[in-house]
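> Here it is, the structure, as structure tokens.
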Amino acid sequence: MSADNPVAPGPPAAELVDQHAVASASSTVTGMTLFVASEAVFFAAFLGIYATSYTAATNWPPPGMPAPSLGVPTAGLIVLLLSGVAMTRCVRRIHHPDYPHGLAPWLAVTVGGSVVFAVLVAVSMTGTGFGIGDGIYQSLFYVMTGLELAHGIGGAVLLGLLLVRLRTGELGLRRDPIQAAAIYWFFVVVLGVVLYAVLDLAVQ
């Protein structure tokens, strides 16, 4: 190559690394956002079926059906909301210049809350006093509560893995896994509130 046509210098290696990190973070958060949106549509379909059954029924819930106990579901909702508060603190910590310092306690609380919530949902399903084949309300109750339990377990696993990665130092340079997990867990919190209101509170 002659001196009259010098090769243009490329971007510094550090800049390339930063660009890759930004692209990776963006794809992680975007992917989780799309996943949560698809799950929201999925649950909206079940809620639409529930609303249709409610408006078509003369009596709702069906006569003779024992009302679900509010004790365990209410405790589960309280735990879920507290875990949501802890998750909010995690999100705030990732914007601090000393990140990830101070993140572990709040993330541990969120993990603990997710585990307790999943256990309480499972317990509430075993003490209903009715079966999945007893009617349309009972079927929807078990299907939607079962899906809520699956999402709670999935959240506990996801958050637990993040806590392990934080303990090993893998999250020291990355914030996007926490942001993605927060999107998922906030969805679970909102879902828990909606299902509590529809399946438990409204039929008392």
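Going through the structure tokens in order, the chains are called A, B, and so on, while each chain numbers its residues from 1 and the ligands are numbered from 1 in the order shown.
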Determine which residues of stretch 32-69 of chain A DSSP labels as alpha helix (DSSP H) from the backbone of this structure, then write them out as JSON, numbers by chain.

{"A": [32, 33, 34, 35, 36, 37, 38, 39, 40, 41, 42, 43, 44, 45, 46, 47, 48, 49, 50, 51, 52, 53, 54, 55, 56]}

> Sorted by chain and rising residue number, list the residues of stretch 93-163 of chain A at most 12 Å from stretch 73-83 of chain A (counting only C-alpha atoms), each with its closest atom pair and distance in Å to one decimal, as CSV.


residue,atom,partner,partner_atom,distance
A:Pro105,CA,A:Ser83,CA,12.0
A:Trp106,CA,A:Ser83,CA,8.9
A:Leu107,CA,A:Ser83,CA,9.1
A:Ala108,CA,A:Ser83,CA,9.7
A:Val109,CA,A:Ser83,CA,6.7
A:Thr110,CA,A:Ser83,CA,4.7
A:Val111,CA,A:Ser83,CA,7.7
A:Gly112,CA,A:Ser83,CA,8.0
A:Gly113,CA,A:Ser83,CA,5.1
A:Ser114,CA,A:Ser83,CA,6.8
A:Val115,CA,A:Val79,CA,9.7
A:Val116,CA,A:Val79,CA,7.2
A:Phe117,CA,A:Gly76,CA,5.1
A:Ala118,CA,A:Gly76,CA,8.0
A:Val119,CA,A:Gly76,CA,8.5
A:Leu120,CA,A:Gly76,CA,5.5
A:Val121,CA,A:Gly76,CA,6.7
A:Ala122,CA,A:Pro73,CA,9.9
A:Val123,CA,A:Pro73,CA,8.9
A:Ser124,CA,A:Pro73,CA,6.3
A:Met125,CA,A:Pro73,CA,9.4
A:Thr126,CA,A:Pro73,CA,11.7
A:Gly127,CA,A:Pro73,CA,10.6
A:Thr128,CA,A:Pro73,CA,10.8
A:Thr145,CA,A:Pro73,CA,10.6
A:Glu148,CA,A:Gly76,CA,11.7
A:Leu149,CA,A:Gly76,CA,11.1
A:Gly152,CA,A:Leu80,CA,9.5
A:Gly155,CA,A:Ser83,CA,11.2
A:Ala156,CA,A:Ser83,CA,10.8
A:Leu159,CA,A:Ser83,CA,11.1

> Which one of A:Tyr184, A:Val41, A:Thr33, A:Ile136 sits closest to A:Ala56 if you count only C-alpha atoms?

A:Ile136

> Find the distance between atom CA of A:Asp200 and atom CA of A:Ile153 and write it in Å to one decimal.

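Computing it gives 20.6 Å between the two atoms.
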
> Taking into account only C-alpha atoms, which residue in the set A:Pro66, A:Ala150, A:Ala45, A:Val190 is nearest to A:Gly129?

A:Pro66

> Could you work out how far atom CA of A:Asp176 lies from atom CA of A:Val29, giving the answer in Å with one decimal?

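Value for the atom CA of A:Val29-atom CA of A:Asp176 distance: 6.5 Å.
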
> My list of candidates is A:His101, A:Phe35, A:Asp134, A:Thr52. Which is closest to A:Gly64 when distances are computed with only C-alpha atoms?

A:Asp134

> Do a neighbour search on A:Ala182 at 7 Å with only C-alpha atoms, toss out local chain neighbours closer than 4 positions, and write the hits as a short mmCIF file (atom, residue, chain, number, x, y, z; two decimals) with all heavy atoms, in the first residue's frame.


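Wrote part_25.cif, looks like this:
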data_model
loop_
_atom_site.label_atom_id
_atom_site.label_comp_id
_atom_site.auth_asym_id
_atom_site.auth_seq_id
_atom_site.Cartn_x
_atom_site.Cartn_y
_atom_site.Cartn_z
N MET A 87 -36.98 -6.37 44.29
CA MET A 87 -36.50 -6.33 42.91
C MET A 87 -36.33 -4.89 42.44
O MET A 87 -35.39 -4.58 41.70
CB MET A 87 -37.50 -7.05 42.01
CG MET A 87 -37.02 -7.29 40.59
SD MET A 87 -35.81 -8.64 40.45
CE MET A 87 -34.32 -7.73 40.09
N ILE A 178 -29.75 -8.38 35.19
CA ILE A 178 -30.63 -7.92 36.26
C ILE A 178 -31.83 -7.20 35.67
O ILE A 178 -32.97 -7.39 36.12
CB ILE A 178 -29.86 -6.98 37.22
CG1 ILE A 178 -28.68 -7.71 37.85
CG2 ILE A 178 -30.81 -6.44 38.30
CD1 ILE A 178 -29.08 -8.86 38.75
N PHE A 186 -41.37 -8.51 37.52
CA PHE A 186 -42.45 -7.53 37.64
C PHE A 186 -43.71 -8.04 36.92
O PHE A 186 -44.83 -7.80 37.38
CB PHE A 186 -42.02 -6.19 37.06
CG PHE A 186 -41.00 -5.47 37.89
CD1 PHE A 186 -40.06 -4.65 37.30
CD2 PHE A 186 -40.96 -5.61 39.26
CE1 PHE A 186 -39.10 -3.98 38.06
CE2 PHE A 186 -40.01 -4.96 40.05
CZ PHE A 186 -39.08 -4.15 39.44
#

> So, counting only C-alpha atoms, which residue among A:Leu166, A:Ile183, A:Val143, A:Val188 is closest to A:Leu34?

A:Ile183

> Would you mind listing what lies within 12 Å of A:Ser53 as JSON, numbers by chain, with only C-alpha atoms counted and same-chain residues fewer than 3 positions away left out?

{"A": [46, 47, 48, 49, 50, 56, 57, 58, 59, 60, 61, 62, 135, 136, 137, 138, 139, 140]}

> Separation of atom CA of A:Ala40 and atom CA of A:Ala67, in Å?

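Those two atoms sit 26.7 Å apart.
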
> Pick out the closest residue to A:Val91 from this set: A:Ala202, A:Pro177, A:Gly192, A:Tyr142. Count only C-alpha atoms.

A:Pro177
